[in-house]
file data25.txt (compact mmCIF, C-alpha atoms and all ligand atoms)
# COMPACT_ATOMS: atom_id res chain seq x y z
CA MET A 10 36.92 -5.34 2.62
CA THR A 11 34.53 -2.79 1.21
CA ARG A 12 32.37 -3.98 -1.65
CA ASN A 13 31.15 -1.44 -4.14
CA ILE A 14 27.97 -1.84 -6.14
CA ASP A 15 27.71 0.14 -9.35
CA LEU A 16 24.07 0.81 -9.96
CA ALA A 17 22.68 2.22 -13.21
CA VAL A 18 19.56 4.28 -12.51
CA VAL A 19 16.92 4.82 -15.18
CA ALA A 20 14.20 6.79 -13.42
CA GLY A 21 12.41 7.35 -16.73
CA ASP A 22 9.06 9.08 -16.98
CA GLY A 23 6.13 10.25 -14.87
CA ILE A 24 6.00 8.70 -11.42
CA GLY A 25 9.14 6.70 -12.27
CA ILE A 26 11.17 9.70 -11.17
CA GLU A 27 9.28 10.02 -7.89
CA VAL A 28 9.36 6.36 -6.88
CA VAL A 29 13.01 5.79 -7.82
CA GLU A 30 14.07 8.62 -5.51
CA GLN A 31 12.45 6.77 -2.62
CA GLY A 32 13.83 3.41 -3.76
CA LEU A 33 17.35 4.84 -3.67
CA ALA A 34 16.82 6.32 -0.21
CA VAL A 35 15.77 2.91 1.11
CA LEU A 36 18.70 1.22 -0.64
CA GLU A 37 21.05 3.67 1.02
CA ALA A 38 19.42 3.01 4.40
CA ALA A 39 19.74 -0.77 3.90
CA LEU A 40 23.49 -0.47 3.31
CA THR A 41 24.29 2.12 5.96
CA GLY A 42 26.74 0.79 8.49
CA SER A 43 27.73 -2.16 6.31
CA ASP A 44 30.88 -2.60 4.26
CA VAL A 45 28.82 -2.44 1.06
CA LYS A 46 28.72 0.90 -0.72
CA VAL A 47 26.58 1.79 -3.67
CA SER A 48 27.51 4.28 -6.38
CA THR A 49 24.77 5.32 -8.75
CA THR A 50 24.96 6.48 -12.36
CA PRO A 51 21.80 8.25 -13.50
CA PHE A 52 20.87 7.74 -17.17
CA ASP A 53 18.81 10.46 -18.79
CA LEU A 54 16.46 8.23 -20.78
CA GLY A 55 12.77 8.59 -21.54
CA ALA A 56 10.44 11.27 -22.87
CA ARG A 57 12.62 14.30 -22.01
CA ARG A 58 15.63 12.86 -23.83
CA TRP A 59 13.52 11.78 -26.82
CA HIS A 60 12.02 15.25 -27.20
CA ALA A 61 15.47 16.84 -26.93
CA THR A 62 17.41 14.48 -29.22
CA GLY A 63 15.06 11.97 -30.86
CA GLU A 64 17.04 9.22 -29.12
CA THR A 65 15.57 6.39 -27.05
CA LEU A 66 18.58 4.22 -26.15
CA THR A 67 21.80 4.58 -28.10
CA ASP A 68 24.56 2.00 -28.45
CA GLU A 69 26.67 4.21 -26.17
CA ASP A 70 23.95 4.26 -23.49
CA LEU A 71 23.65 0.50 -23.70
CA ALA A 72 27.41 -0.03 -23.51
CA ALA A 73 27.62 2.26 -20.46
CA ILE A 74 24.69 0.51 -18.73
CA ARG A 75 26.32 -2.88 -19.36
CA THR A 76 29.29 -1.97 -17.19
CA HIS A 77 27.09 -1.75 -14.08
CA ASP A 78 26.26 -4.46 -11.55
CA ALA A 79 22.51 -3.90 -11.76
CA ILE A 80 19.88 -1.45 -12.98
CA LEU A 81 17.08 0.23 -11.05
CA LEU A 82 14.33 1.45 -13.35
CA GLY A 83 11.26 3.54 -12.54
CA ALA A 84 8.85 3.59 -15.46
CA ILE A 85 8.93 4.33 -19.16
CA GLY A 86 6.20 5.89 -21.31
CA ASP A 87 4.66 9.31 -21.72
CA PRO A 88 1.51 10.61 -23.39
CA THR A 89 3.54 13.20 -25.35
CA VAL A 90 5.49 10.46 -27.14
CA PRO A 91 3.79 8.17 -29.67
CA SER A 92 2.75 4.93 -27.97
CA GLY A 93 5.39 2.25 -28.38
CA VAL A 94 8.36 4.50 -29.17
CA LEU A 95 9.76 4.48 -25.65
CA GLU A 96 8.24 1.16 -24.57
CA ARG A 97 9.86 -0.66 -27.49
CA GLY A 98 12.86 1.57 -28.15
CA LEU A 99 13.97 1.83 -24.55
CA LEU A 100 12.34 -0.55 -22.07
CA LEU A 101 12.04 -3.64 -24.24
CA LYS A 102 15.36 -2.87 -25.89
CA LEU A 103 17.00 -3.04 -22.46
CA ARG A 104 15.26 -6.31 -21.57
CA PHE A 105 16.14 -7.90 -24.90
CA ALA A 106 19.70 -6.59 -25.28
CA LEU A 107 20.59 -7.58 -21.72
CA ASP A 108 18.96 -11.00 -22.15
CA HIS A 109 16.51 -10.63 -19.28
CA TYR A 110 14.81 -13.88 -20.08
CA VAL A 111 13.38 -14.36 -16.57
CA ASN A 112 10.89 -11.70 -15.66
CA LEU A 113 10.13 -12.51 -12.04
CA ARG A 114 6.95 -11.08 -10.57
CA PRO A 115 5.83 -12.14 -7.08
CA GLY A 116 2.15 -12.14 -6.19
CA LYS A 117 2.06 -11.93 -2.44
CA LEU A 118 -0.70 -10.71 -0.13
CA TYR A 119 1.00 -9.28 2.94
CA PRO A 120 -0.81 -9.39 6.31
CA GLY A 121 -2.95 -6.31 6.80
CA VAL A 122 -3.28 -5.56 3.09
CA ARG A 123 -6.83 -5.46 1.81
CA SER A 124 -7.49 -7.54 -1.31
CA PRO A 125 -10.59 -6.80 -3.40
CA LEU A 126 -11.37 -10.51 -3.14
CA ALA A 127 -13.93 -11.30 -0.43
CA ASP A 128 -12.03 -14.34 0.79
CA PRO A 129 -8.54 -14.19 -0.69
CA GLY A 130 -6.96 -16.86 1.52
CA GLU A 131 -3.18 -16.99 1.53
CA ILE A 132 -1.68 -15.61 -1.67
CA ASP A 133 2.00 -16.29 -2.21
CA PHE A 134 3.06 -17.20 -5.71
CA VAL A 135 5.59 -16.03 -8.21
CA VAL A 136 5.12 -15.57 -11.94
CA VAL A 137 8.09 -16.48 -14.10
CA ARG A 138 7.29 -14.53 -17.21
CA GLU A 139 9.46 -15.20 -20.28
CA GLY A 140 11.10 -11.87 -21.11
CA THR A 141 12.76 -12.04 -24.51
CA GLU A 142 10.40 -13.80 -26.92
CA GLY A 143 6.70 -14.19 -27.69
CA PRO A 144 4.67 -11.48 -29.40
CA TYR A 145 7.07 -8.87 -27.98
CA VAL A 146 9.89 -9.55 -30.43
CA GLY A 147 8.69 -7.02 -33.01
CA ASN A 148 8.21 -9.64 -35.69
CA GLY A 149 5.36 -7.99 -37.49
CA GLY A 150 4.33 -5.32 -39.87
CA ALA A 151 1.49 -3.53 -41.51
CA LEU A 152 0.36 -3.10 -45.08
CA ARG A 153 -2.07 -0.59 -46.55
CA VAL A 154 -2.14 1.33 -43.28
CA GLY A 155 -5.21 3.48 -42.78
CA THR A 156 -7.15 1.86 -45.60
CA PRO A 157 -10.11 -0.50 -45.22
CA HIS A 158 -7.73 -3.24 -46.40
CA GLU A 159 -5.11 -2.71 -43.74
CA LEU A 160 -3.31 -5.86 -42.65
CA ALA A 161 -1.34 -6.01 -39.41
CA THR A 162 0.69 -8.85 -37.89
CA GLU A 163 2.64 -9.38 -34.64
CA VAL A 164 4.07 -12.86 -34.88
CA SER A 165 4.82 -14.59 -31.59
CA VAL A 166 8.28 -16.13 -31.65
CA ASN A 167 8.95 -19.10 -29.37
CA THR A 168 12.22 -21.00 -29.68
CA ALA A 169 13.03 -24.33 -28.05
CA PHE A 170 16.13 -22.67 -26.60
CA GLY A 171 14.18 -19.72 -25.20
CA VAL A 172 11.33 -21.76 -23.78
CA GLU A 173 13.57 -24.40 -22.26
CA ARG A 174 15.80 -21.99 -20.39
CA VAL A 175 12.93 -20.12 -18.76
CA VAL A 176 11.05 -23.33 -17.96
CA ARG A 177 14.18 -24.77 -16.31
CA ASP A 178 14.57 -21.62 -14.25
CA ALA A 179 10.92 -21.84 -13.17
CA PHE A 180 11.32 -25.48 -12.13
CA ALA A 181 14.40 -24.60 -10.08
CA ARG A 182 12.44 -21.85 -8.33
CA ALA A 183 9.53 -24.22 -7.68
CA GLN A 184 11.90 -26.83 -6.28
CA ALA A 185 13.30 -24.28 -3.82
CA ARG A 186 9.85 -23.38 -2.49
CA PRO A 187 7.96 -25.40 0.13
CA ARG A 188 5.05 -26.37 -2.09
CA LYS A 189 7.22 -27.31 -5.11
CA HIS A 190 4.43 -26.76 -7.60
CA LEU A 191 4.58 -25.35 -11.12
CA THR A 192 1.65 -24.25 -13.26
CA LEU A 193 2.15 -23.73 -16.96
CA VAL A 194 -0.21 -21.09 -18.33
CA HIS A 195 -0.70 -20.91 -22.09
CA LYS A 196 -3.45 -21.40 -24.64
CA HIS A 197 -2.44 -24.62 -26.41
CA ASN A 198 -5.99 -25.39 -27.46
CA VAL A 199 -5.74 -22.50 -29.94
CA LEU A 200 -2.08 -21.48 -30.17
CA VAL A 201 -1.18 -25.05 -31.07
CA HIS A 202 2.35 -24.42 -32.35
CA ALA A 203 3.71 -22.33 -29.51
CA GLY A 204 1.47 -23.95 -26.90
CA HIS A 205 2.59 -27.47 -27.63
CA LEU A 206 6.24 -26.43 -27.61
CA TRP A 207 5.69 -25.02 -24.08
CA ARG A 208 3.73 -28.12 -22.97
CA ARG A 209 6.33 -30.58 -24.29
CA THR A 210 9.14 -28.54 -22.77
CA VAL A 211 7.53 -28.57 -19.33
CA GLU A 212 7.02 -32.34 -19.58
CA ALA A 213 10.64 -32.91 -20.63
CA VAL A 214 12.24 -30.62 -18.04
CA ASN A 215 10.01 -32.09 -15.30
CA ALA A 216 12.16 -35.24 -15.53
CA GLU A 217 15.06 -33.22 -14.08
CA PHE A 218 12.86 -32.03 -11.19
CA PRO A 219 10.84 -35.14 -10.25
CA ASP A 220 9.82 -33.70 -6.87
CA VAL A 221 8.06 -30.74 -8.52
CA THR A 222 4.38 -31.30 -9.29
CA THR A 223 2.91 -29.58 -12.33
CA ASP A 224 -0.40 -28.65 -13.79
CA TYR A 225 -1.62 -26.66 -16.74
CA LEU A 226 -4.21 -23.92 -17.26
CA HIS A 227 -5.35 -22.16 -20.36
CA VAL A 228 -4.77 -18.46 -19.78
CA ASP A 229 -8.46 -17.59 -19.76
CA ALA A 230 -9.12 -20.15 -17.03
CA ALA A 231 -6.05 -18.93 -15.15
CA THR A 232 -7.69 -15.52 -14.79
CA ILE A 233 -10.71 -17.23 -13.21
CA PHE A 234 -8.60 -19.07 -10.64
CA LEU A 235 -6.55 -15.97 -9.87
CA THR A 236 -9.86 -14.44 -8.81
CA THR A 237 -11.59 -17.42 -7.20
CA ASN A 238 -8.73 -19.43 -5.72
CA PRO A 239 -5.34 -17.68 -5.96
CA SER A 240 -3.98 -19.88 -3.13
CA ARG A 241 -3.70 -22.74 -5.62
CA PHE A 242 -0.72 -21.05 -7.32
CA ASP A 243 2.90 -21.50 -6.31
CA VAL A 244 5.06 -20.86 -9.40
CA ILE A 245 3.47 -19.89 -12.70
CA VAL A 246 5.53 -20.09 -15.88
CA THR A 247 4.16 -18.40 -18.95
CA ASP A 248 5.01 -16.45 -22.08
CA ASN A 249 5.77 -12.76 -22.34
CA LEU A 250 2.29 -11.43 -23.13
CA PHE A 251 0.28 -13.75 -20.89
CA GLY A 252 2.74 -12.93 -18.10
CA ASP A 253 2.25 -9.22 -18.62
CA ILE A 254 -1.51 -9.50 -18.27
CA LEU A 255 -1.55 -12.02 -15.41
CA THR A 256 0.86 -9.95 -13.33
CA ASP A 257 -1.34 -6.85 -13.45
CA GLN A 258 -4.16 -9.10 -12.25
CA ALA A 259 -1.84 -10.55 -9.61
CA ALA A 260 -1.09 -7.02 -8.46
CA ALA A 261 -4.78 -6.16 -8.29
CA ILE A 262 -5.64 -9.09 -6.02
CA THR A 263 -2.68 -8.48 -3.67
CA GLY A 264 -3.35 -4.86 -2.77
CA GLY A 265 -2.86 -2.99 -6.01
CA ILE A 266 -0.31 -2.02 -8.59
CA GLY A 267 1.47 0.29 -6.15
CA LEU A 268 2.79 -2.76 -4.31
CA ALA A 269 3.85 -5.02 -7.20
CA ALA A 270 7.59 -5.56 -7.62
CA SER A 271 9.54 -7.19 -10.42
CA ALA A 272 12.97 -8.29 -11.51
CA ASN A 273 14.19 -8.73 -15.07
CA ILE A 274 16.89 -11.31 -14.54
CA ASN A 275 19.73 -12.47 -16.70
CA PRO A 276 20.37 -15.74 -14.83
CA ASP A 277 23.64 -16.37 -16.69
CA ARG A 278 24.95 -13.00 -15.45
CA THR A 279 26.26 -12.06 -18.87
CA ALA A 280 24.73 -8.60 -18.36
CA PRO A 281 23.23 -6.66 -15.45
CA SER A 282 19.75 -7.56 -14.29
CA MET A 283 17.12 -4.86 -13.97
CA PHE A 284 14.70 -4.19 -11.13
CA GLU A 285 11.51 -2.18 -11.59
CA PRO A 286 7.97 -1.89 -10.30
CA VAL A 287 5.35 -3.66 -12.41
CA HIS A 288 3.46 -0.41 -12.88
CA GLY A 289 3.99 2.25 -15.52
CA SER A 290 4.54 5.99 -15.49
CA ALA A 291 0.94 6.73 -14.37
CA PRO A 292 0.48 10.04 -16.20
CA ASP A 293 -2.81 10.53 -14.35
CA ILE A 294 -1.03 11.06 -11.02
CA ALA A 295 2.49 12.02 -12.11
CA GLY A 296 4.07 15.00 -10.36
CA GLN A 297 1.52 15.03 -7.56
CA GLY A 298 3.42 13.07 -4.91
CA LYS A 299 0.61 10.51 -4.84
CA ALA A 300 2.43 7.48 -6.23
CA ASP A 301 3.08 4.62 -3.86
CA PRO A 302 6.83 3.87 -3.92
CA THR A 303 6.36 0.50 -2.21
CA ALA A 304 6.56 -1.51 -5.46
CA THR A 305 9.91 0.09 -6.23
CA ILE A 306 11.14 -0.48 -2.69
CA LEU A 307 10.18 -4.17 -2.89
CA SER A 308 12.03 -4.25 -6.24
CA VAL A 309 15.06 -2.89 -4.36
CA ALA A 310 14.71 -5.87 -2.01
CA MET A 311 14.82 -8.17 -5.06
CA LEU A 312 17.90 -6.29 -6.30
CA LEU A 313 19.69 -6.79 -2.98
CA ASP A 314 18.83 -10.47 -3.00
CA HIS A 315 20.12 -10.85 -6.55
CA LEU A 316 23.40 -9.25 -5.52
CA GLY A 317 23.82 -11.79 -2.72
CA LEU A 318 22.82 -9.35 0.03
CA ALA A 319 20.09 -11.54 1.50
CA VAL A 320 20.19 -10.01 4.98
CA GLN A 321 19.74 -6.47 3.66
CA SER A 322 17.04 -7.69 1.26
CA GLN A 323 15.11 -9.29 4.10
CA ARG A 324 15.43 -6.10 6.14
CA VAL A 325 13.81 -4.11 3.36
CA GLU A 326 11.02 -6.64 2.88
CA ALA A 327 10.43 -6.84 6.63
CA ALA A 328 10.18 -3.03 6.82
CA VAL A 329 7.62 -3.04 4.02
CA ALA A 330 5.67 -5.87 5.67
CA ALA A 331 5.61 -3.99 9.00
CA ASP A 332 4.49 -0.80 7.27
CA LEU A 333 1.77 -2.62 5.34
CA ALA A 334 0.52 -4.27 8.52
CA GLU A 335 -0.06 -0.83 10.03
CA ARG A 336 -0.88 1.45 7.14
CA GLY A 337 -4.63 0.79 6.90
CA ASN A 338 -6.29 3.67 5.05
CA ARG A 339 -3.66 6.28 5.95
CA VAL A 340 -3.01 8.63 3.06
CA ARG A 341 0.67 9.54 2.72
CA SER A 342 2.70 11.17 0.03
CA THR A 343 5.32 9.32 -2.01
CA ALA A 344 8.06 10.98 0.03
CA GLU A 345 6.39 10.18 3.38
CA VAL A 346 6.10 6.48 2.55
CA GLY A 347 9.72 6.44 1.39
CA ARG A 348 10.96 8.31 4.45
CA GLU A 349 9.10 6.06 6.88
CA LEU A 350 10.30 2.91 5.15
CA ALA A 351 13.90 4.16 5.09
CA ALA A 352 13.65 4.89 8.81
CA ARG A 353 12.34 1.40 9.53
CA VAL A 354 15.13 -0.15 7.47
CA ALA A 355 17.76 1.93 9.24
CA GLY A 356 16.28 0.49 12.41
N1 LIG B 401 7.55 -1.04 -16.84
C1 LIG B 401 7.14 0.13 -17.33
O1 LIG B 401 7.93 1.06 -17.46
C2 LIG B 401 5.72 0.27 -17.70
C3 LIG B 401 4.74 -0.61 -17.21
C4 LIG B 401 3.41 -0.38 -17.56
C5 LIG B 401 3.07 0.70 -18.36
N2 LIG B 401 4.05 1.51 -18.82
C6 LIG B 401 3.74 2.74 -19.57
O2 LIG B 401 3.22 3.68 -18.63
C7 LIG B 401 2.26 4.52 -19.28
C8 LIG B 401 0.95 4.48 -18.53
O3 LIG B 401 0.42 3.15 -18.63
P1 LIG B 401 -0.88 2.63 -17.90
O4 LIG B 401 -1.73 3.80 -17.51
O5 LIG B 401 -1.46 1.55 -18.73
O6 LIG B 401 -0.36 1.88 -16.58
P2 LIG B 401 0.16 2.48 -15.20
O7 LIG B 401 0.66 1.31 -14.41
O8 LIG B 401 1.10 3.60 -15.41
O9 LIG B 401 -1.14 3.06 -14.48
C9 LIG B 401 -2.34 2.30 -14.29
C10 LIG B 401 -3.11 2.88 -13.10
O10 LIG B 401 -2.44 2.55 -11.90
C11 LIG B 401 -2.11 3.72 -11.16
N3 LIG B 401 -0.78 3.53 -10.58
C12 LIG B 401 0.31 3.04 -11.22
N4 LIG B 401 1.36 3.01 -10.41
C13 LIG B 401 0.95 3.50 -9.21
C14 LIG B 401 1.59 3.75 -7.96
N5 LIG B 401 2.91 3.47 -7.76
N6 LIG B 401 0.87 4.27 -6.97
C15 LIG B 401 -0.43 4.56 -7.14
N7 LIG B 401 -1.10 4.35 -8.30
C16 LIG B 401 -0.41 3.85 -9.32
C17 LIG B 401 -2.15 4.86 -12.16
O11 LIG B 401 -2.39 6.09 -11.53
C18 LIG B 401 -3.23 4.40 -13.11
O12 LIG B 401 -4.49 4.78 -12.63
C19 LIG B 401 2.18 4.01 -20.72
O13 LIG B 401 3.06 4.79 -21.49
C20 LIG B 401 2.68 2.58 -20.63
O14 LIG B 401 3.23 2.11 -21.83
C21 LIG B 401 5.37 1.34 -18.49
C1 LIG B 402 5.38 -0.98 -21.00
C2 LIG B 402 5.37 -2.41 -21.44
C3 LIG B 402 6.36 -2.62 -22.55
C4 LIG B 402 5.63 -3.39 -20.29
C5 LIG B 402 5.42 -4.82 -20.74
O1 LIG B 402 4.46 -5.10 -21.47
O2 LIG B 402 6.24 -5.67 -20.38
C6 LIG B 402 4.79 -3.19 -19.04
O3 LIG B 402 3.44 -3.38 -19.28
C7 LIG B 402 5.27 -4.10 -17.93
O4 LIG B 402 4.47 -4.89 -17.44
O5 LIG B 402 6.45 -4.01 -17.55
MG MG B 403 2.52 -4.66 -17.85
call {"tool": "encode", "arguments": {"input": "data25.txt", "output": "structure tokens", "more": "lines below"}}
Ligand SMILES: NC(=O)c1ccc[n+]([C@@H]2O[C@H](COP(=O)([O-])OP(=O)(O)OC[C@H]3O[C@@H](n4cnc5c(N)ncnc54)[C@H](O)[C@@H]3O)[C@@H](O)[C@H]2O)c1
Ligand SMILES: CC(C)[C@H](C(=O)O)[C@@H](O)C(=O)O
Ligand SMILES: [Mg+2]
result
Amino acid sequence: MTRNIDLAVVAGDGIGIEVVEQGLAVLEAALTGSDVKVSTTPFDLGARRWHATGETLTDEDLAAIRTHDAILLGAIGDPTVPSGVLERGLLLKLRFALDHYVNLRPGKLYPGVRSPLADPGEIDFVVVREGTEGPYVGNGGALRVGTPHELATEVSVNTAFGVERVVRDAFARAQARPRKHLTLVHKHNVLVHAGHLWRRTVEAVNAEFPDVTTDYLHVDAATIFLTTNPSRFDVIVTDNLFGDILTDQAAAITGGIGLAASANINPDRTAPSMFEPVHGSAPDIAGQGKADPTATILSVAMLLDHLGLAVQSQRVEAAVAADLAERGNRVRSTAEVGRELAARVAG
């Protein structure tokens, strides 16, 4: 019986449009010849829509997106729109409204990929970044703006419910991996309220996963070890902001931001999960065909896996791995990389 996947597509801004086109081509190639069909609904969201209508993401958009099986997103943000309008009003609104509390970001150094680290060793970890709380919730404000007495707050919100569910998910992921190790990254020597909630939660949930070993690093020290000994990491669980920063660093040590994939997962499947590269809209190279679509294509592999299409997912990842093993310093356009990867996937 034919299975149909309804995919919402939010290409967004800048290079988002270029890399999503290639991601969709590879998705199509991965499903060709199978009994799985994909139908895509493009959503006109981002800077163009905001300039035309003043809208970022309406209730109608959100309701329509909800009816889909998954979302593929390119990138959101544009220099012609005030900073934060689209990031908060569109991207974070999607993650929050669709309860994407697990933001999964692998840090993997594929064979043949050059790391800036002199002796990177084997790098294969995954960051489980909390996606719906922390300093991202918009719990803040400003008084006396523009005066010498301006006061600005962004309060980090951490609930026992929110921390526990993401920590449990991270333990389950650690348990399913060969090394079965979980590192909590926080800053509980300073952020004593939130930090100790995270620490106590990890200790408590560890009882359910006795075969998973754990350790703890303050976030500043974690950045040292990501540089000096990234092999020590297996699963990292951390809050929304620390996870944002660490995953750009993870991308940098594993071949660059053009390779870094991510999944915003709603593990309870009460709403569609969303797959997107870690990078942004890259206004500095947008429209030039220079963006590497590999991060989006690896995000497509995560999408396929989430939809239970493990074989197709592995085919996409294997195609990327083979391409990375051979690419060296070859300069190719966005479309060339996409075309070659689609051809490899098609076999
Ligand atoms: N998930 C998202 O949609 C997301 C993520 C990060 C930033 N942003 C937004 O994107 C805009 C630009 O942000 P930024 O400059 O801090 O980060 P960025 O990730 O867009 O770019 C950082 C640097 O990496 C390069 N780069 C990014 N993706 C690349 C790719 N696929 N191939 C080759 N090079 C690539 C860029 O050219 C730039 O030099 C801002 O509006 C920001 O808010 C959105
Ligand atoms: C654009 C911004 C809201 C976003 C984040 O901070 O989560 C981005 O940096 C990311 O990593 O996806
Ligand atoms: Mg980021």
call {"tool": "residues_near_ligand", "arguments": {"input": "data25.txt", "ligand": "ligand LIG 401 (chain B)", "cutoff": "8 Å", "atoms": "only C-alpha atoms and all ligand atoms", "output": "number ranges by chain"}}
result
A: 21, 24-25, 28, 82-88, 92-93, 95-96, 100, 265-268, 285-295, 299-305
call {"tool": "closest_residue", "arguments": {"input": "data25.txt", "among": "A:Leu66, A:Ala61, A:Leu103, A:Ala39", "to": "ligand LIG 402 (chain B)", "atoms": "all atoms listed in the file"}}
result
A:Leu103
call {"tool": "residues_near_ligand", "arguments": {"input": "data25.txt", "ligand": "ligand MG 403 (chain B)", "cutoff": "10 Å", "atoms": "all atoms listed in the file", "output": "PyMOL selection string"}}
result
chain A and resi 249-258+286-289
call {"tool": "residues_near_point", "arguments": {"input": "data25.txt", "point": "(10.2, 14.5, -26.5)", "cutoff": "12 Å", "atoms": "only C-alpha atoms", "output": "ChimeraX atom specification"}}
result
/A:22,54-65,86-91,94-95
call {"tool": "residues_around", "arguments": {"input": "data25.txt", "residues": "stretch 119-125 of chain A", "least_positions_apart": "3", "cutoff": "6 Å", "atoms": "all atoms listed in the file", "output": "MDAnalysis selection string"}}
result
chainID A and resid 262:264 334
call {"tool": "residues_around", "arguments": {"input": "data25.txt", "residues": "A:Arg324", "least_positions_apart": "3", "cutoff": "10 Å", "atoms": "all atoms listed in the file", "output": "JSON, numbers by chain"}}
result
{"A": [39, 310, 319, 320, 321, 327, 328, 329, 330, 353, 354, 355, 356]}
call {"tool": "closest_residue", "arguments": {"input": "data25.txt", "among": "A:Gly130, A:Gly317, A:Gly140, A:Pro51", "to": "A:Ser240", "atoms": "only C-alpha atoms"}}
result
A:Gly130
call {"tool": "closest_residue", "arguments": {"input": "data25.txt", "among": "A:Thr141, A:Asn275, A:Thr222, A:Thr156", "to": "ligand LIG 402 (chain B)", "atoms": "all atoms listed in the file"}}
result
A:Thr141
call {"tool": "atom_distance", "arguments": {"input": "data25.txt", "atom1": "atom CA of A:Arg153", "atom2": "atom C6 of ligand LIG 402 (chain B)"}}
result
28.5 Å
call {"tool": "closest_residue", "arguments": {"input": "data25.txt", "among": "A:Arg174, A:Arg104, A:Arg188, A:Arg339", "to": "ligand LIG 402 (chain B)", "atoms": "all atoms listed in the file"}}
result
A:Arg104
call {"tool": "closest_residue", "arguments": {"input": "data25.txt", "among": "A:Asn238, A:Thr279, A:Asn112, A:Gln31", "to": "ligand LIG 402 (chain B)", "atoms": "all atoms listed in the file"}}
result
A:Asn112
call {"tool": "atom_distance", "arguments": {"input": "data25.txt", "atom1": "atom CA of A:Ile14", "atom2": "atom CA of A:Ser308"}}
result
16.1 Å
call {"tool": "atom_distance", "arguments": {"input": "data25.txt", "atom1": "atom CA of A:Arg278", "atom2": "atom CA of A:Ala169"}}
result
20.7 Å
call {"tool": "residues_around", "arguments": {"input": "data25.txt", "residues": "A:Thr50", "least_positions_apart": "6", "cutoff": "8 Å", "atoms": "all atoms listed in the file", "output": "MDAnalysis selection string"}}
result
chainID A and resid 15:18
call {"tool": "axis_aligned_box", "arguments": {"input": "data25.txt", "around": "ligand LIG 402 (chain B)", "padding_each_side": "4 Å", "output": "AutoDock Vina command-line options"}}
result
--center_x 4.9 --center_y -3.3 --center_z -20.0 --size_x 11.0 --size_y 12.7 --size_z 13.1
